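Trainee: Below is a structure I'd like to ask you about.
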Amino acid sequence: MKPLDRRDFLTRVAGGTSAVAAVGVPGLLRLDNSPERVPSEAGAAEAAGDAGSRAGMAEAGALGAALGPGARSRREGLTDPALRPLPLGSIRARGWLERQLRIQAGGLTAHLDEFWPDVAQSQWFGGDAEGWERAPYWLDGVIPLAWILDDDPLKAKVSARVQEILSRQKSDGTFGPMAAAPADKPYDVWAIFLVNKTLVQYHEVTGDERTLRAVEASLRSLHASVTKTPLFRWGKYRWFEGLIPTYYVYERTGQPWLLDLAQTLRDQGNDYAAVYAGDDITEPTPRRGLWTWDKHVVNQAMAPKAGALSWRLDERPDDRTFPARMLAVLDRYHGQVTGMFAGDECLAGRDPIQGTELCSVVELMYSMEVLLSVFGDVEFGDRLERVAFNALPATFKPDMWAHQYDQQVNQVQCTINPDYMWTTNGADSNIYGLAPEYGCCTSNMHQGWPKLTAHLWMKTPDEGIAAVAYAPSEARFRSGDVPVTVTLDTDYPFREDLSITVTPENSVSFPLVLRVPAWAEGATVQVAGDAPMAMPAGTYHRLERTWDGPTTVSVRLPMRPMVTRRYHGAFAIERGPLVYSLRIDEEWQRVRADEPQRELPHGDFEVRPTSPWNYGLILDPDDPGAELTFEERSVGDVPFSPDGAGMQARAKARRLPGWKLDHGWAAEVVPGPQRSTEPVEEVVLIPYGCTNIRVTEFPETET
């Protein structure tokens with residue numbers, strides 16, 4: 001079949017509550033998804049949004065207290081963010097995170113431009129293949145990966161590709177593909193937002209002035225373009241992505257016209273607040289239904305950052321509260337236990353057999369990273385970890401040579417399935433392959449792990465450092481004129497204990513600010529062997545002191561098991577930031593081996609179960625946590641794989657013979673307790689991100 005042009009195709013066809021991480025107590029059974037709590041009449045989106053708005057304002061107060069008075073300022077026409085990401089390359093991965101990044105570098109990310117035509121022969125690099133989003137998407141992930149790993153061969157490869165882009169910039173500032181676009185077919189400038197977003201990363205790690213000048217010239221060209229031809233299609237729906245390079249250049253040059261450009265993009269862009277003021281956004285897209293711009297799941301994953309980036313222009317109050325309102329609506333009507341929302345490819349409701357597109361996973365992570373920087377709210381860090389440690393790794397083959405387009409929370413097999421029930425995606429959407437369904441995820445999958453690493457630590461306005469998300473890492477920064485190294489050694493999220501070592505070159509006073517997740521009731525911190533101090537859950541904890549020589553800070557974030565009610569009353573098991581799923585034995589079968597570019601190791605694969613999957617859990621309604629036991633295991637060389645899982649749980653369950661495949665998938669969970677005469681068995685649960693096939697939302701089974 002001849003490949004479709006995505007822009008033209010989509011233009012033609014376009015003519016429930018998830019359990020948000022919250023305070024955990026032993027054996028807690030949450031009923032957040034009870035049908036009676038879900039509004040079904042007009043104003044439902046607004047009702048959900050009000051709760052998110054109140055939560056956002058409470059978080060703002062918590063952060064202000066942690067940072068101290070006068071922490072935020074407005075200068076030169078642009079409001080400062082609450083926290084500043086450290087310059088790219090200042091944070092290095094350690095422990096399991098470094099292993100994960102090296103797995104990524106050994107997989108598709110570092111090799112895609114060697115064999116996949118849409119990158120290898122991209123028009124951005126002088127070829128004749130795709131000349132829109134795919135090569136810039138790839139660069140958006142491979143640039144931070146190369147510099148975080150300090151991988152000289154990969155850095156050289158990336159630098160050569162960047163120079164190919166710069167060498168094809170025209171005198172009017174347009175880049176090659178845009179300049180070559182036919183006059184009767186205007187070029188969708190979404191790709192210009194994207195390529196400039198990648199180029200400012202390259203400038204940050206290299207200091208290459210030619211790159212900064214090229215981005216500035218491109219933005220001037222963009223300014224002229226949108227004045228003549230207003231934003232349309234993808235550029236209209238992703239206007240806020242253009243603010244990222246615009247702000248970057250503005251903060252380095254101070255040129256007022258850049259803020260005019262930012263205002264123009266906002267004025268011409270899609271108004272997501274208006275979308276969320278209505279009720280259509282709450283309705284799942286019908287299966288095999290109509291693709292729409294407003295419900296496109298990747299647009300929705302990108303859009304939470306729109307309010308934050310817009311707020312920096314003029315501090316509109318609605319911009320400050322909208323991201324939390326938006327996320328509350330998505331959680332209530334389309335939320336999944338992973339912190340994501342279903343969209344395959346349009347918003348699909350809360351059913352755990354509906355899919356979530358990979359692009360939406362990495363884009364929601366980046367949205368949370370931007371929101372953490374601009375607003376600093378604890379809840380954005382909680383969600384970032386939940387998505388990163390569950391949904392992100394689960395959508396890749398463990399060696400990262402293949403990926404899915406759509407993942408399912410209840411995913412018991414991954415096959416080319418003509419009987420699919422996605423909203424708008426196709427038969428091969430959840431196999432593991434090079435480019436299942438469509439190639440956007442093949443090029444965009446690379447940013448997830450590197451950008452998470454780059455945003456683990458951020459600078460506070462008073463020369464301190466904030467740990468906003470946790471993974472083994474090392475950060476280097478300056479407090480005033482004093483160089484400081486901060487290391488975090490931990491197997492979190494598989495463990496509760498974290499050891500931070502602060503090492504300044506000279507004695508210096510600054511705050512160390514620690515995010516305390518909302519689920520971490522009973523969290524403590526201990527400095528240099530002093531008595532442990534309590535840290536309230538859902539806040540930032542500020543350690544203000546003079547640091548002199550290496551100082552150890554020991555953090556404990558207690559992870560109590562939680563059982564949450566999900567779609568149709570199903571049970572989901574959570575502990576800390578991790579969600580737990582049934583471990584299913586599996587068989588991988590290579591498919592489409594004769595198709596182009598499917599030479600191993602980058603092949604296509606179906607996965608089928610070789611052990612039973614149709615279990616219902618047996619839990620005590622009065623104390624569900626008592627039925628669960630958790631066991632520590634060594635975190636493997638491949639951390640997110642069935643054999644590498646650093647934790648597992650055991651639970652009692654019964655087979656449900658009536659729960660079978662339907663339309664090639666696990667059938668929907670039937671509401672209410674299910675009866676079974678099958679013997680009680682002990683089943684093993686492992687972290688969701690370590691699974692390839694799984695059951696995550698379990699029917700309740702009568703004891």
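Residues are referred to by chain and number: the chain letter is A, B, ... according to the order shown in the structure tokens, the number counts from 1 in that chain, and ligands are numbered separately from 1 in the order shown.
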Can you tell me, as a ChimeraX atom specification, what residues are no more than 6 Å from segment 145-153 of chain A when counting only C-alpha atoms, ignoring any on the same chain fewer than 3 positions away?

Mentor: /A:89,92,142,156,450

Trainee: Please identify all polymer residues within 7 Å of Pro177 of chain A, counting only C-alpha atoms, omitting same-chain residues fewer than 2 positions from it, and present them as a list in words.

Mentor: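 The filter keeps Gln123, Trp124, Gly131, Phe175, Ala179, Ala180 and Ala181 of chain A.
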
Trainee: Check the smallest atom-to-atom distance from each of A:Asp604, A:Glu681, A:Glu216, A:Glu130 to Thr415 of chain A using only C-alpha atoms, then report the winner.

Mentor: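 Selected residue with least distance to Thr415 of chain A: A:Asp604.
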
Trainee: List as a ChimeraX atom specification the protein and nucleic acid residues near Arg592 of chain A, meaning an atom at most 12 Å away when only C-alpha atoms are counted, but skip any in the same chain fewer than 3 places from it.

Mentor: /A:415-416,428,431-436,589,595-600,602-606

Trainee: Using only C-alpha atoms, can you tell me which of A:Leu86, A:Asp637, A:Ala666, A:Pro136 comes closest to Asp399 of chain A?

Mentor: A:Asp637

Trainee: For a quick check of understanding, using only C-alpha atoms, which of A:Met368, A:Leu261, A:Ile281, A:Ala427 has the smallest distance to Tyr333 of chain A?

Mentor: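 The answer is A:Ile281, which sits nearest to Tyr333 of chain A.
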
Trainee: Considering only C-alpha atoms, return as a VMD selection string whatever protein or nucleic-acid residues lie within 8 Å of Pro284 of chain A, sequence-local ones (same chain, fewer than 5 positions apart) excluded.

Mentor: chain A and resid 333 to 334 347 to 349

Trainee: Sort by chain and increasing residue number a table of all residues of segment 455-504 of chain A within 10 Å of segment 575-580 of chain A, each with its closest pair of atoms and their distance in Å to one decimal, counting only C-alpha atoms, and write it as a tab-separated table.

Mentor:
residue	atom	partner	partner_atom	distance
A:Tyr492	CA	A:Pro577	CA	9.3
A:Pro493	CA	A:Pro577	CA	6.6
A:Phe494	CA	A:Leu578	CA	7.9
A:Arg495	CA	A:Gly576	CA	9.1
A:Glu496	CA	A:Gly576	CA	8.4
